[in-house]
file data01.pdb (PDB, C-alpha atoms)
ATOM      1  CA  MET G1133     -26.102-110.055 -56.044
ATOM      2  CA  ALA G1134     -25.464-113.767 -56.596
ATOM      3  CA  ALA G1135     -27.552-116.461 -54.982
ATOM      4  CA  GLY G1136     -26.362-117.251 -51.505
ATOM      5  CA  ASP G1137     -24.716-113.877 -50.943
ATOM      6  CA  THR G1138     -25.652-112.130 -47.718
ATOM      7  CA  PRO G1139     -26.766-108.504 -48.097
ATOM      8  CA  LEU G1140     -24.736-106.008 -46.092
ATOM      9  CA  ASN G1141     -26.271-103.318 -43.919
ATOM     10  CA  LEU G1142     -23.623-100.604 -44.269
ATOM     11  CA  GLU G1143     -23.676 -97.489 -42.134
ATOM     12  CA  GLN G1144     -21.851 -94.220 -42.750
ATOM     13  CA  ASN G1145     -18.057 -94.549 -42.533
ATOM     14  CA  GLN G1146     -18.337 -98.189 -41.472
ATOM     15  CA  VAL G1147     -15.082-100.065 -42.104
ATOM     16  CA  PHE G1148     -14.441-103.783 -42.393
ATOM     17  CA  THR G1149     -11.856-106.030 -44.015
ATOM     18  CA  VAL G1150     -12.855-107.542 -47.334
ATOM     19  CA  THR G1151     -12.305-111.288 -47.399
ATOM     20  CA  LYS G1152     -13.821-112.084 -50.780
ATOM     21  CA  LEU G1153     -13.510-109.624 -53.651
ATOM     22  CA  PHE G1154     -13.894-111.480 -56.931
ATOM     23  CA  LYS G1155     -15.861-114.495 -58.127
ATOM     24  CA  PHE G1156     -15.756-115.797 -61.700
ATOM     25  CA  ASN G1157     -15.281-119.080 -63.530
ATOM     26  CA  TYR G1158     -12.787-117.972 -66.164
ATOM     27  CA  LEU G1159      -9.686-115.821 -66.473
ATOM     28  CA  THR G1160      -9.474-112.976 -68.981
ATOM     29  CA  ARG G1161      -6.886-110.287 -69.583
ATOM     30  CA  ASP G1162      -9.140-107.713 -68.008
ATOM     31  CA  ASN G1163      -9.678-109.565 -64.738
ATOM     32  CA  PHE G1164      -6.187-111.031 -64.393
ATOM     33  CA  TYR G1165      -5.091-108.021 -62.372
ATOM     34  CA  ALA G1166      -8.128-108.345 -60.150
ATOM     35  CA  VAL G1167      -7.083-111.925 -59.415
ATOM     36  CA  SER G1168      -3.529-110.841 -58.595
ATOM     37  CA  THR G1169      -4.951-108.256 -56.210
ATOM     38  CA  PHE G1170      -7.087-110.846 -54.474
ATOM     39  CA  THR G1171      -4.136-113.198 -53.995
ATOM     40  CA  SER G1172      -1.640-110.521 -52.913
ATOM     41  CA  GLY G1173      -2.655-110.838 -49.254
ATOM     42  CA  ALA G1174      -3.041-107.073 -48.893
ATOM     43  CA  GLU G1175      -5.501-105.646 -46.429
ATOM     44  CA  GLN G1176      -8.419-103.972 -48.181
ATOM     45  CA  GLN G1177     -11.140-102.255 -46.210
ATOM     46  CA  LYS G1178     -14.578-101.334 -47.459
ATOM     47  CA  ILE G1179     -15.403 -97.794 -46.374
ATOM     48  CA  ILE G1180     -18.707 -95.940 -46.641
ATOM     49  CA  ILE G1181     -18.647 -92.137 -46.924
ATOM     50  CA  LYS G1182     -21.744 -89.943 -47.205
ATOM     51  CA  ASN G1183     -21.795 -87.187 -49.815
ATOM     52  CA  ASN G1184     -23.541 -83.834 -49.434
ATOM     53  CA  CYS G1185     -26.829 -85.405 -50.564
ATOM     54  CA  GLY G1186     -26.684 -88.003 -47.797
ATOM     55  CA  GLU G1187     -25.959 -90.802 -50.297
ATOM     56  CA  LYS G1188     -23.524 -93.537 -49.346
ATOM     57  CA  LEU G1189     -20.363 -93.721 -51.456
ATOM     58  CA  VAL G1190     -18.753 -97.160 -51.305
ATOM     59  CA  GLY G1191     -15.008 -97.587 -51.694
ATOM     60  CA  LEU G1192     -12.113 -99.937 -51.025
ATOM     61  CA  LEU G1193      -9.065 -98.761 -49.122
ATOM     62  CA  HIS G1194      -5.722-100.406 -49.911
ATOM     63  CA  GLU G1195      -4.187 -99.741 -46.516
ATOM     64  CA  THR G1196      -0.402 -99.694 -46.126
ATOM     65  CA  GLY G1197      -0.214 -97.564 -42.991
ATOM     66  CA  SER G1198       1.210 -94.564 -44.873
ATOM     67  CA  LYS G1199       0.076 -91.092 -43.876
ATOM     68  CA  GLU G1200      -0.246 -90.228 -47.570
ATOM     69  CA  ILE G1201      -3.185 -91.580 -49.530
ATOM     70  CA  VAL G1202      -4.061 -91.462 -53.238
ATOM     71  CA  ILE G1203      -7.675 -91.443 -54.443
ATOM     72  CA  VAL G1204      -8.510 -93.233 -57.714
ATOM     73  CA  CYS G1205     -11.603 -92.218 -59.752
ATOM     74  CA  HIS G1206     -13.335 -94.271 -62.445
ATOM     75  CA  GLY G1207     -14.846 -93.016 -65.703
ATOM     76  CA  PHE G1208     -18.265 -92.950 -67.377
ATOM     77  CA  GLN G1209     -20.399 -95.992 -66.439
ATOM     78  CA  GLY G1210     -17.372 -97.395 -64.633
ATOM     79  CA  THR G1211     -16.855 -98.661 -61.100
ATOM     80  CA  LYS G1212     -14.053 -99.079 -58.587
ATOM     81  CA  GLU G1213     -13.710-102.684 -59.825
ATOM     82  CA  TYR G1214     -12.621-101.668 -63.327
ATOM     83  CA  SER G1215      -9.254-103.347 -63.936
ATOM     84  CA  MET G1216      -7.370-100.067 -64.417
ATOM     85  CA  MET G1217      -8.575 -98.781 -61.050
ATOM     86  CA  VAL G1218      -7.532-102.033 -59.373
ATOM     87  CA  GLU G1219      -4.115-102.044 -61.060
ATOM     88  CA  LEU G1220      -3.323 -98.471 -60.093
ATOM     89  CA  ALA G1221      -4.384 -99.002 -56.477
ATOM     90  CA  CYS G1222      -2.371-102.222 -56.210
ATOM     91  CA  ALA G1223       0.706-100.645 -57.788
ATOM     92  CA  LEU G1224       0.568 -97.789 -55.292
ATOM     93  CA  GLU G1225       0.051-100.264 -52.467
ATOM     94  CA  LYS G1226       3.142-102.226 -53.515
ATOM     95  CA  GLN G1227       5.117 -98.991 -53.227
ATOM     96  CA  GLY G1228       3.891 -98.524 -49.659
ATOM     97  CA  ILE G1229       1.363 -95.842 -50.588
ATOM     98  CA  SER G1230      -2.230 -96.268 -49.419
ATOM     99  CA  ALA G1231      -4.872 -95.942 -52.149
ATOM    100  CA  PHE G1232      -8.658 -95.587 -52.137
ATOM    101  CA  ARG G1233     -10.857 -96.460 -55.116
ATOM    102  CA  PHE G1234     -14.577 -95.751 -54.888
ATOM    103  CA  ASP G1235     -17.832 -95.620 -56.849
ATOM    104  CA  PHE G1236     -19.282 -92.217 -57.686
ATOM    105  CA  SER G1237     -22.934 -91.766 -56.722
ATOM    106  CA  GLY G1238     -25.236 -93.655 -59.077
ATOM    107  CA  ASN G1239     -22.465 -96.088 -60.027
ATOM    108  CA  GLY G1240     -21.421 -99.485 -58.713
ATOM    109  CA  GLU G1241     -22.323-100.046 -55.062
ATOM    110  CA  SER G1242     -22.855 -96.369 -54.252
ATOM    111  CA  GLU G1243     -26.303 -94.898 -53.732
ATOM    112  CA  GLY G1244     -27.953 -92.378 -56.032
ATOM    113  CA  LEU G1245     -29.231 -92.269 -59.598
ATOM    114  CA  PHE G1246     -26.918 -92.653 -62.577
ATOM    115  CA  GLU G1247     -26.857 -89.549 -64.785
ATOM    116  CA  PHE G1248     -25.170 -88.727 -68.078
ATOM    117  CA  GLY G1249     -23.522 -85.473 -67.019
ATOM    118  CA  ASN G1250     -23.200 -85.169 -63.256
ATOM    119  CA  TYR G1251     -19.741 -83.572 -63.376
ATOM    120  CA  ARG G1252     -20.414 -81.114 -60.569
ATOM    121  CA  LYS G1253     -21.941 -83.778 -58.358
ATOM    122  CA  GLU G1254     -19.024 -86.128 -58.933
ATOM    123  CA  VAL G1255     -16.648 -83.309 -57.984
ATOM    124  CA  ASP G1256     -18.701 -82.965 -54.787
ATOM    125  CA  ASP G1257     -18.453 -86.734 -54.238
ATOM    126  CA  LEU G1258     -14.680 -86.523 -54.562
ATOM    127  CA  HIS G1259     -14.582 -83.579 -52.161
ATOM    128  CA  ALA G1260     -16.522 -85.616 -49.582
ATOM    129  CA  VAL G1261     -13.940 -88.393 -49.914
ATOM    130  CA  VAL G1262     -10.993 -85.985 -49.572
ATOM    131  CA  GLN G1263     -12.578 -84.384 -46.502
ATOM    132  CA  HIS G1264     -13.207 -87.783 -44.931
ATOM    133  CA  PHE G1265      -9.538 -88.753 -45.073
ATOM    134  CA  ALA G1266      -8.350 -85.280 -44.076
ATOM    135  CA  ALA G1267     -10.541 -85.581 -40.970
ATOM    136  CA  THR G1268      -8.726 -88.825 -40.072
ATOM    137  CA  ASN G1269      -5.348 -87.056 -40.229
ATOM    138  CA  ARG G1270      -4.392 -88.463 -43.632
ATOM    139  CA  ASP G1271      -2.687 -86.448 -46.365
ATOM    140  CA  VAL G1272      -4.462 -86.823 -49.707
ATOM    141  CA  SER G1273      -1.323 -86.498 -51.799
ATOM    142  CA  ALA G1274      -2.851 -87.156 -55.228
ATOM    143  CA  ILE G1275      -6.096 -87.755 -57.105
ATOM    144  CA  ILE G1276      -6.186 -89.893 -60.257
ATOM    145  CA  GLY G1277      -9.050 -90.039 -62.754
ATOM    146  CA  HIS G1278      -9.574 -91.916 -66.025
ATOM    147  CA  SER G1279     -11.723 -90.610 -68.901
ATOM    148  CA  LYS G1280     -14.671 -88.794 -67.288
ATOM    149  CA  GLY G1281     -12.824 -89.265 -64.006
ATOM    150  CA  GLY G1282      -9.986 -87.288 -65.582
ATOM    151  CA  ASN G1283     -12.374 -84.404 -66.108
ATOM    152  CA  VAL G1284     -13.551 -84.706 -62.512
ATOM    153  CA  VAL G1285     -10.045 -84.451 -61.018
ATOM    154  CA  VAL G1286      -9.168 -81.433 -63.198
ATOM    155  CA  LEU G1287     -12.443 -79.726 -62.266
ATOM    156  CA  TYR G1288     -11.768 -80.565 -58.618
ATOM    157  CA  ALA G1289      -8.329 -78.937 -58.743
ATOM    158  CA  SER G1290      -9.856 -75.795 -60.251
ATOM    159  CA  LEU G1291     -12.292 -75.447 -57.330
ATOM    160  CA  HIS G1292     -10.456 -76.925 -54.338
ATOM    161  CA  HIS G1293      -6.795 -76.219 -53.801
ATOM    162  CA  ASP G1294      -6.132 -78.904 -51.208
ATOM    163  CA  VAL G1295      -4.501 -81.698 -53.256
ATOM    164  CA  PRO G1296      -0.944 -81.114 -54.538
ATOM    165  CA  THR G1297      -0.886 -83.682 -57.367
ATOM    166  CA  VAL G1298      -3.506 -84.410 -60.037
ATOM    167  CA  VAL G1299      -3.341 -87.172 -62.666
ATOM    168  CA  ASN G1300      -5.628 -86.888 -65.698
ATOM    169  CA  LEU G1301      -5.770 -90.113 -67.708
ATOM    170  CA  SER G1302      -7.408 -89.615 -71.108
ATOM    171  CA  GLY G1303      -9.760 -86.873 -69.949
ATOM    172  CA  ARG G1304     -11.873 -84.928 -72.441
ATOM    173  CA  TYR G1305     -11.112 -81.285 -73.225
ATOM    174  CA  LYS G1306     -13.690 -80.468 -75.907
ATOM    175  CA  MET G1307     -16.921 -81.417 -74.185
ATOM    176  CA  ASP G1308     -19.169 -81.112 -77.254
ATOM    177  CA  ARG G1309     -17.387 -83.978 -78.981
ATOM    178  CA  GLY G1310     -18.342 -87.633 -78.619
ATOM    179  CA  ILE G1311     -21.994 -86.965 -77.800
ATOM    180  CA  GLU G1312     -23.452 -87.692 -81.225
ATOM    181  CA  GLU G1313     -21.678 -91.060 -81.323
ATOM    182  CA  ARG G1314     -23.455 -92.018 -78.097
ATOM    183  CA  LEU G1315     -26.848 -90.255 -78.448
ATOM    184  CA  GLY G1316     -27.330 -90.121 -82.202
ATOM    185  CA  LYS G1317     -27.940 -87.239 -84.584
ATOM    186  CA  ASP G1318     -29.968 -84.184 -83.600
ATOM    187  CA  TYR G1319     -29.547 -85.143 -79.948
ATOM    188  CA  LEU G1320     -29.969 -81.597 -78.668
ATOM    189  CA  GLU G1321     -33.218 -81.021 -80.544
ATOM    190  CA  ARG G1322     -34.610 -84.376 -79.389
ATOM    191  CA  ALA G1323     -33.635 -83.719 -75.784
ATOM    192  CA  LYS G1324     -35.268 -80.276 -75.826
ATOM    193  CA  LYS G1325     -38.425 -81.644 -77.445
ATOM    194  CA  ASP G1326     -38.996 -84.612 -75.124
ATOM    195  CA  GLY G1327     -36.958 -83.524 -72.121
ATOM    196  CA  PHE G1328     -34.817 -86.651 -72.310
ATOM    197  CA  ILE G1329     -33.240 -89.290 -74.568
ATOM    198  CA  ASP G1330     -33.360 -92.967 -73.635
ATOM    199  CA  ILE G1331     -30.232 -94.934 -74.480
ATOM    200  CA  LYS G1332     -31.063 -98.563 -75.133
ATOM    201  CA  SER G1333     -28.940-101.662 -74.693
ATOM    202  CA  PRO G1334     -28.405-104.191 -77.533
ATOM    203  CA  THR G1335     -31.355-106.163 -76.121
ATOM    204  CA  GLY G1336     -33.661-103.159 -76.456
ATOM    205  CA  GLU G1337     -33.881-102.314 -72.777
ATOM    206  CA  VAL G1338     -33.304 -98.771 -71.540
ATOM    207  CA  ALA G1339     -29.712 -98.663 -70.293
ATOM    208  CA  PHE G1340     -29.925 -95.105 -68.984
ATOM    209  CA  ARG G1341     -31.785 -91.857 -69.571
ATOM    210  CA  VAL G1342     -30.103 -88.621 -70.638
ATOM    211  CA  THR G1343     -32.098 -85.647 -69.405
ATOM    212  CA  GLU G1344     -31.928 -82.262 -71.054
ATOM    213  CA  GLU G1345     -30.471 -80.856 -67.836
ATOM    214  CA  SER G1346     -27.639 -83.393 -67.670
ATOM    215  CA  LEU G1347     -26.883 -82.932 -71.359
ATOM    216  CA  MET G1348     -26.662 -79.160 -70.981
ATOM    217  CA  GLU G1349     -24.418 -79.549 -67.953
ATOM    218  CA  ARG G1350     -21.904 -81.444 -70.057
ATOM    219  CA  LEU G1351     -22.085 -78.952 -72.916
ATOM    220  CA  ASN G1352     -21.615 -76.050 -70.496
ATOM    221  CA  THR G1353     -18.648 -77.614 -68.698
ATOM    222  CA  ASN G1354     -15.646 -75.503 -69.700
ATOM    223  CA  MET G1355     -12.375 -77.407 -69.299
ATOM    224  CA  ARG G1356     -10.279 -74.492 -70.532
ATOM    225  CA  GLU G1357     -11.675 -72.266 -67.819
ATOM    226  CA  ALA G1358     -11.090 -75.016 -65.265
ATOM    227  CA  GLY G1359      -7.496 -75.593 -66.321
ATOM    228  CA  LEU G1360      -6.655 -71.905 -66.009
ATOM    229  CA  LYS G1361      -7.939 -71.861 -62.418
ATOM    230  CA  ILE G1362      -5.631 -74.620 -61.182
ATOM    231  CA  ASP G1363      -3.085 -73.401 -58.640
ATOM    232  CA  PRO G1364       0.418 -73.103 -60.166
ATOM    233  CA  ASP G1365       1.793 -75.093 -57.220
ATOM    234  CA  CYS G1366      -0.450 -78.053 -58.117
ATOM    235  CA  ARG G1367       1.413 -80.607 -60.244
ATOM    236  CA  VAL G1368      -0.744 -82.016 -63.062
ATOM    237  CA  LEU G1369       0.087 -85.025 -65.215
ATOM    238  CA  THR G1370      -1.906 -85.807 -68.353
ATOM    239  CA  VAL G1371      -1.455 -89.222 -69.970
ATOM    240  CA  HIS G1372      -3.122 -90.098 -73.261
ATOM    241  CA  GLY G1373      -2.904 -92.857 -75.854
ATOM    242  CA  SER G1374      -1.988 -91.829 -79.384
ATOM    243  CA  ALA G1375      -4.578 -94.313 -80.731
ATOM    244  CA  ASP G1376      -7.414 -93.327 -78.383
ATOM    245  CA  GLU G1377     -10.632 -94.166 -80.215
ATOM    246  CA  VAL G1378     -12.943 -92.425 -77.711
ATOM    247  CA  ILE G1379     -11.216 -89.123 -76.931
ATOM    248  CA  PRO G1380      -8.665 -87.902 -79.511
ATOM    249  CA  VAL G1381      -5.113 -87.287 -78.359
ATOM    250  CA  GLU G1382      -5.478 -83.638 -79.434
ATOM    251  CA  ASP G1383      -7.489 -83.053 -76.264
ATOM    252  CA  ALA G1384      -4.399 -83.871 -74.189
ATOM    253  CA  LEU G1385      -2.410 -81.271 -76.119
ATOM    254  CA  GLU G1386      -5.026 -78.658 -75.249
ATOM    255  CA  PHE G1387      -4.695 -79.420 -71.526
ATOM    256  CA  ALA G1388      -0.933 -79.004 -71.866
ATOM    257  CA  LYS G1389      -1.370 -75.504 -73.304
ATOM    258  CA  ILE G1390      -3.391 -74.068 -70.419
ATOM    259  CA  ILE G1391      -2.496 -75.819 -67.164
ATOM    260  CA  PRO G1392       0.459 -73.959 -65.612
ATOM    261  CA  ASN G1393       2.363 -76.752 -63.827
ATOM    262  CA  HIS G1394       1.783 -79.554 -66.303
ATOM    263  CA  GLU G1395       3.505 -82.635 -67.683
ATOM    264  CA  LEU G1396       2.204 -84.438 -70.775
ATOM    265  CA  ARG G1397       2.958 -88.060 -71.639
ATOM    266  CA  ILE G1398       1.665 -89.693 -74.819
ATOM    267  CA  ILE G1399       1.782 -93.496 -74.976
ATOM    268  CA  GLU G1400       2.327 -94.452 -78.587
ATOM    269  CA  GLY G1401      -0.253 -96.890 -79.950
ATOM    270  CA  ALA G1402      -2.367 -97.024 -76.795
ATOM    271  CA  ASN G1403      -6.153 -96.902 -77.000
ATOM    272  CA  HIS G1404      -8.589 -95.320 -74.531
ATOM    273  CA  CYS G1405      -8.322 -98.144 -72.012
ATOM    274  CA  TYR G1406      -4.619 -98.901 -72.632
ATOM    275  CA  ASP G1407      -5.494-102.559 -73.113
ATOM    276  CA  ASN G1408      -4.847-103.096 -76.827
ATOM    277  CA  HIS G1409      -2.013-105.079 -78.455
ATOM    278  CA  ARG G1410      -1.517-107.330 -75.488
ATOM    279  CA  ASP G1411      -0.378-110.283 -77.565
ATOM    280  CA  ASP G1412       1.629-111.941 -74.826
ATOM    281  CA  PHE G1413      -0.572-112.336 -71.754
ATOM    282  CA  PHE G1414       2.252-111.844 -69.248
ATOM    283  CA  ALA G1415       4.314-109.371 -71.278
ATOM    284  CA  GLY G1416       4.557-105.663 -70.714
ATOM    285  CA  SER G1417       1.761-103.638 -72.242
ATOM    286  CA  HIS G1418       0.411-100.141 -72.685
ATOM    287  CA  ARG G1419      -1.326-100.563 -69.329
ATOM    288  CA  ASP G1420       1.990-101.440 -67.700
ATOM    289  CA  LYS G1421       3.544 -98.317 -69.203
ATOM    290  CA  LEU G1422       0.639 -96.212 -67.953
ATOM    291  CA  VAL G1423       0.978 -97.508 -64.399
ATOM    292  CA  SER G1424       4.733 -96.934 -64.448
ATOM    293  CA  ILE G1425       4.363 -93.316 -65.613
ATOM    294  CA  VAL G1426       1.758 -92.561 -62.959
ATOM    295  CA  LEU G1427       3.805 -94.149 -60.175
ATOM    296  CA  ASP G1428       6.954 -92.246 -61.134
ATOM    297  CA  PHE G1429       5.077 -88.941 -61.185
ATOM    298  CA  ILE G1430       3.449 -89.471 -57.799
ATOM    299  CA  LYS G1431       6.563 -90.849 -56.107
ATOM    300  CA  ALA G1432       8.718 -87.973 -57.379
ATOM    301  CA  LYS G1433       6.749 -85.480 -55.298
ATOM    302  CA  MET G1434       6.655 -87.737 -52.257
ATOM    303  CA  HIS G1435      10.411 -88.345 -52.496
ATOM    304  CA  ARG G1436      11.165 -84.620 -52.487
ATOM    305  CA  VAL G1437       8.945 -84.132 -49.449
ATOM    306  CA  THR G1438      10.036 -87.096 -47.359
ATOM    307  CA  THR G1439      13.778 -87.048 -47.971
ATOM    308  CA  VAL G1440      14.468 -83.563 -46.655
ATOM    309  CA  ILE G1441      16.310 -84.316 -43.412
ATOM    310  CA  GLU G1442      17.912 -81.529 -41.425
ATOM    311  CA  GLU G1443      21.371 -82.521 -40.222
ATOM    312  CA  PRO G1444      22.743 -80.990 -37.027
ATOM    313  CA  VAL G1445      25.066 -78.088 -37.677
ATOM    314  CA  VAL G1446      28.615 -78.756 -36.452
ATOM    315  CA  ASP G1447      30.967 -75.775 -36.239
ATOM    316  CA  GLU G1448      34.314 -76.658 -37.761
ATOM    317  CA  PRO G1449      37.445 -74.963 -36.384
ATOM    318  CA  VAL G1450      38.654 -72.109 -38.554
ATOM    319  CA  VAL G1451      42.240 -72.557 -39.740
ATOM    320  CA  ASP G1452      43.961 -69.729 -41.586
ATOM    321  CA  GLU G1453      45.787 -71.153 -44.569
ATOM    322  CA  PRO G1454      48.541 -69.198 -46.317
ATOM    323  CA  VAL G1455      47.315 -67.533 -49.494
ATOM    324  CA  ILE G1456      49.257 -68.594 -52.580
ATOM    325  CA  GLU G1457      48.574 -66.582 -55.692
ATOM    326  CA  GLU G1458      48.331 -68.696 -58.803
ATOM    327  CA  PRO G1459      49.247 -67.261 -62.206
ATOM    328  CA  ILE G1460      46.200 -66.345 -64.315
ATOM    329  CA  ILE G1461      46.085 -68.305 -67.557
ATOM    330  CA  GLU G1462      43.428 -67.371 -70.098
ATOM    331  CA  GLU G1463      41.805 -70.406 -71.683
ATOM    332  CA  PRO G1464      40.377 -70.230 -75.227
ATOM    333  CA  VAL G1465      36.555 -69.985 -75.324
ATOM    334  CA  VAL G1466      34.908 -73.070 -76.857
ATOM    335  CA  GLU G1467      31.218 -72.863 -77.747
ATOM    336  CA  GLU G1468      29.166 -75.887 -76.621
ATOM    337  CA  PRO G1469      26.699 -77.438 -79.102
ATOM    338  CA  VAL G1470      23.010 -76.876 -78.368
ATOM    339  CA  HIS G1471      21.033 -80.130 -77.887
ATOM    340  CA  ILE G1472      17.322 -79.944 -78.732
ATOM    341  CA  VAL G1473      15.389 -82.705 -76.993
TER     342      VAL G1473
END
call {"tool": "encode", "arguments": {"input": "data01.pdb", "output": "structure tokens"}}
result
Amino acid sequence: MAAGDTPLNLEQNQVFTVTKLFKFNYLTRDNFYAVSTFTSGAEQQKIIIKNNCGEKLVGLLHETGSKEIVIVCHGFQGTKEYSMMVELACALEKQGISAFRFDFSGNGESEGLFEFGNYRKEVDDLHAVVQHFAATNRDVSAIIGHSKGGNVVVLYASLHHDVPTVVNLSGRYKMDRGIEERLGKDYLERAKKDGFIDIKSPTGEVAFRVTEESLMERLNTNMREAGLKIDPDCRVLTVHGSADEVIPVEDALEFAKIIPNHELRIIEGANHCYDNHRDDFFAGSHRDKLVSIVLDFIKAKMHRVTTVIEEPVVDEPVVDEPVIEEPIIEEPVVEEPVHIV
């Protein structure tokens, strides 16, 4: 908290309008979208929701007045303020769809201890959020998650069949990969010997502790099993960058093989955060393409639901027309070419 800021005493489910979201002295590509959000004039409400452990989860609601609401989930060591989360929520808001981005327990402003694994608890956090909005007569029409958040939304859909649309952005399929790069060699042996591994920052301070329990939870998380348990009526979109340096694009292909009602989109050249090759600051980018794909997928379902209007049935008078028999002329059969897309 910066000097001069007033601490907030937030109670469960307390709501208030945010009047000041971002403070910084310079503009970067990553926070440009946060600035555009701040200046858009949209109403954003800070909402506190308690999880099953009694911890306060802090989130921001982009309120448009729509009955439908989309929940946006951040990734490992992320927060609701990560630029991708802000962009997605703002894009939905501009389409008239309310969005809620929040911090998982142990992250950002939410209470609780940060842990390396925590997949099951984050699924429980998400369930608490879904239940909160369902109790206020809102329809949670979609859940979106990036990276670890992508795993969380897929795991959620395998356990709770109450959200019709799931968007997995660069989620991991093979859970044993990527650990050595973060924890070092022989990580399992070291964790079993000492009970934990301390991950240090560049300055030598302990950034976070990986316990043996949290490590084993990740290794025992089975995404194949989860994918197979997703209801066939649940629409799932997986988006992945072909140049993802954190989670290989092959993981996205594995999701596509097992999830029954699934669409796969690969963004050519995009990295894990979809923020590379942005040479022109205001030009379209991989991030722009990502947001567009997600919006189209979510709106397609909403359009089919909201545009079904029953017209009154009007009985037309029956008029008997004379039957005129036309001569039968046999046309030659012409075979159409087969187009492979």
call {"tool": "closest_residue", "arguments": {"input": "data01.pdb", "among": "G:Asn1300, G:Ser1237, G:Asn1250, G:Thr1370", "to": "G:Thr1343", "atoms": "only C-alpha atoms"}}
result
G:Asn1250
call {"tool": "residues_around", "arguments": {"input": "data01.pdb", "residues": "stretch 1420-1433 of chain G", "least_positions_apart": "3", "cutoff": "8 Å", "atoms": "all atoms listed in the file", "output": "PDB file with C-alpha atoms, in the coordinates of the input"}}
result
ATOM      1  CA  GLU G1219      -4.115-102.044 -61.060  1.00  0.00           C
ATOM      2  CA  LEU G1220      -3.323 -98.471 -60.093  1.00  0.00           C
ATOM      3  CA  ALA G1223       0.706-100.645 -57.788  1.00  0.00           C
ATOM      4  CA  LEU G1224       0.568 -97.789 -55.292  1.00  0.00           C
ATOM      5  CA  ALA G1274      -2.851 -87.156 -55.228  1.00  0.00           C
ATOM      6  CA  THR G1297      -0.886 -83.682 -57.367  1.00  0.00           C
ATOM      7  CA  VAL G1299      -3.341 -87.172 -62.666  1.00  0.00           C
ATOM      8  CA  LEU G1369       0.087 -85.025 -65.215  1.00  0.00           C
ATOM      9  CA  VAL G1371      -1.455 -89.222 -69.970  1.00  0.00           C
ATOM     10  CA  ILE G1399       1.782 -93.496 -74.976  1.00  0.00           C
ATOM     11  CA  TYR G1406      -4.619 -98.901 -72.632  1.00  0.00           C
ATOM     12  CA  GLY G1416       4.557-105.663 -70.714  1.00  0.00           C
ATOM     13  CA  SER G1417       1.761-103.638 -72.242  1.00  0.00           C
ATOM     14  CA  ARG G1436      11.165 -84.620 -52.487  1.00  0.00           C
ATOM     15  CA  VAL G1437       8.945 -84.132 -49.449  1.00  0.00           C
TER      16      VAL G1437
END
call {"tool": "atom_distance", "arguments": {"input": "data01.pdb", "atom1": "atom CA of G:Glu1382", "atom2": "atom CA of G:Cys1405"}}
result
16.5 Å
call {"tool": "resolve_selection", "arguments": {"input": "data01.pdb", "expression": "the PyMOL selection byres ((chain G and resi 1402) around 9)", "output": "list in words"}}
result
His1372, Gly1373, Ser1374, Ala1375, Asp1376, Ile1398, Ile1399, Glu1400, Gly1401, Asn1403, His1404, Cys1405, Tyr1406, Asp1407, Asn1408, His1409, His1418 and Arg1419 of chain G
call {"tool": "resolve_selection", "arguments": {"input": "data01.pdb", "expression": "the PyMOL selection byres ((chain G and resi 1353) around 10)", "output": "list of chain:residue names"}}
result
G:Gly1249, G:Tyr1251, G:Arg1252, G:Asn1283, G:Leu1287, G:Tyr1305, G:Lys1306, G:Met1307, G:Asp1308, G:Met1348, G:Glu1349, G:Arg1350, G:Leu1351, G:Asn1352, G:Asn1354, G:Met1355, G:Arg1356, G:Glu1357, G:Ala1358
call {"tool": "residues_near_point", "arguments": {"input": "data01.pdb", "point": "(-5.7, -92.8, -52.9)", "cutoff": "9 Å", "atoms": "only C-alpha atoms", "output": "list of chain:residue names"}}
result
G:Leu1193, G:His1194, G:Glu1200, G:Ile1201, G:Val1202, G:Ile1203, G:Val1204, G:Ala1221, G:Leu1224, G:Ile1229, G:Ser1230, G:Ala1231, G:Phe1232, G:Arg1233, G:Val1272, G:Ser1273, G:Ala1274, G:Ile1275, G:Ile1276
call {"tool": "residues_around", "arguments": {"input": "data01.pdb", "residues": "G:Lys1199", "least_positions_apart": "6", "cutoff": "8 Å", "atoms": "only C-alpha atoms", "output": "list in words"}}
result
Ser1230, Asn1269, Arg1270 and Asp1271 of chain G
call {"tool": "closest_residue", "arguments": {"input": "data01.pdb", "among": "G:Glu1195, G:Glu1254, G:Asp1294, G:Glu1377", "to": "G:Gly1282", "atoms": "all atoms listed in the file"}}
result
G:Glu1254
call {"tool": "resolve_selection", "arguments": {"input": "data01.pdb", "expression": "the PyMOL selection byres ((chain G and resi 1279) around 10)", "output": "PyMOL selection string"}}
result
chain G and resi 1205-1208+1210+1277-1278+1280-1284+1300-1304+1372+1378-1379+1404-1405
call {"tool": "write_last_selection", "arguments": {"input": "data01.pdb", "atoms": "C-alpha atoms", "output": "compact mmCIF listing (two decimals), in the coordinates of the input"}}
result
# COMPACT_ATOMS: atom_id res chain seq x y z
CA CYS G 1205 -11.60 -92.22 -59.75
CA HIS G 1206 -13.34 -94.27 -62.44
CA GLY G 1207 -14.85 -93.02 -65.70
CA PHE G 1208 -18.26 -92.95 -67.38
CA GLY G 1210 -17.37 -97.40 -64.63
CA GLY G 1277 -9.05 -90.04 -62.75
CA HIS G 1278 -9.57 -91.92 -66.03
CA LYS G 1280 -14.67 -88.79 -67.29
CA GLY G 1281 -12.82 -89.26 -64.01
CA GLY G 1282 -9.99 -87.29 -65.58
CA ASN G 1283 -12.37 -84.40 -66.11
CA VAL G 1284 -13.55 -84.71 -62.51
CA ASN G 1300 -5.63 -86.89 -65.70
CA LEU G 1301 -5.77 -90.11 -67.71
CA SER G 1302 -7.41 -89.62 -71.11
CA GLY G 1303 -9.76 -86.87 -69.95
CA ARG G 1304 -11.87 -84.93 -72.44
CA HIS G 1372 -3.12 -90.10 -73.26
CA VAL G 1378 -12.94 -92.42 -77.71
CA ILE G 1379 -11.22 -89.12 -76.93
CA HIS G 1404 -8.59 -95.32 -74.53
CA CYS G 1405 -8.32 -98.14 -72.01
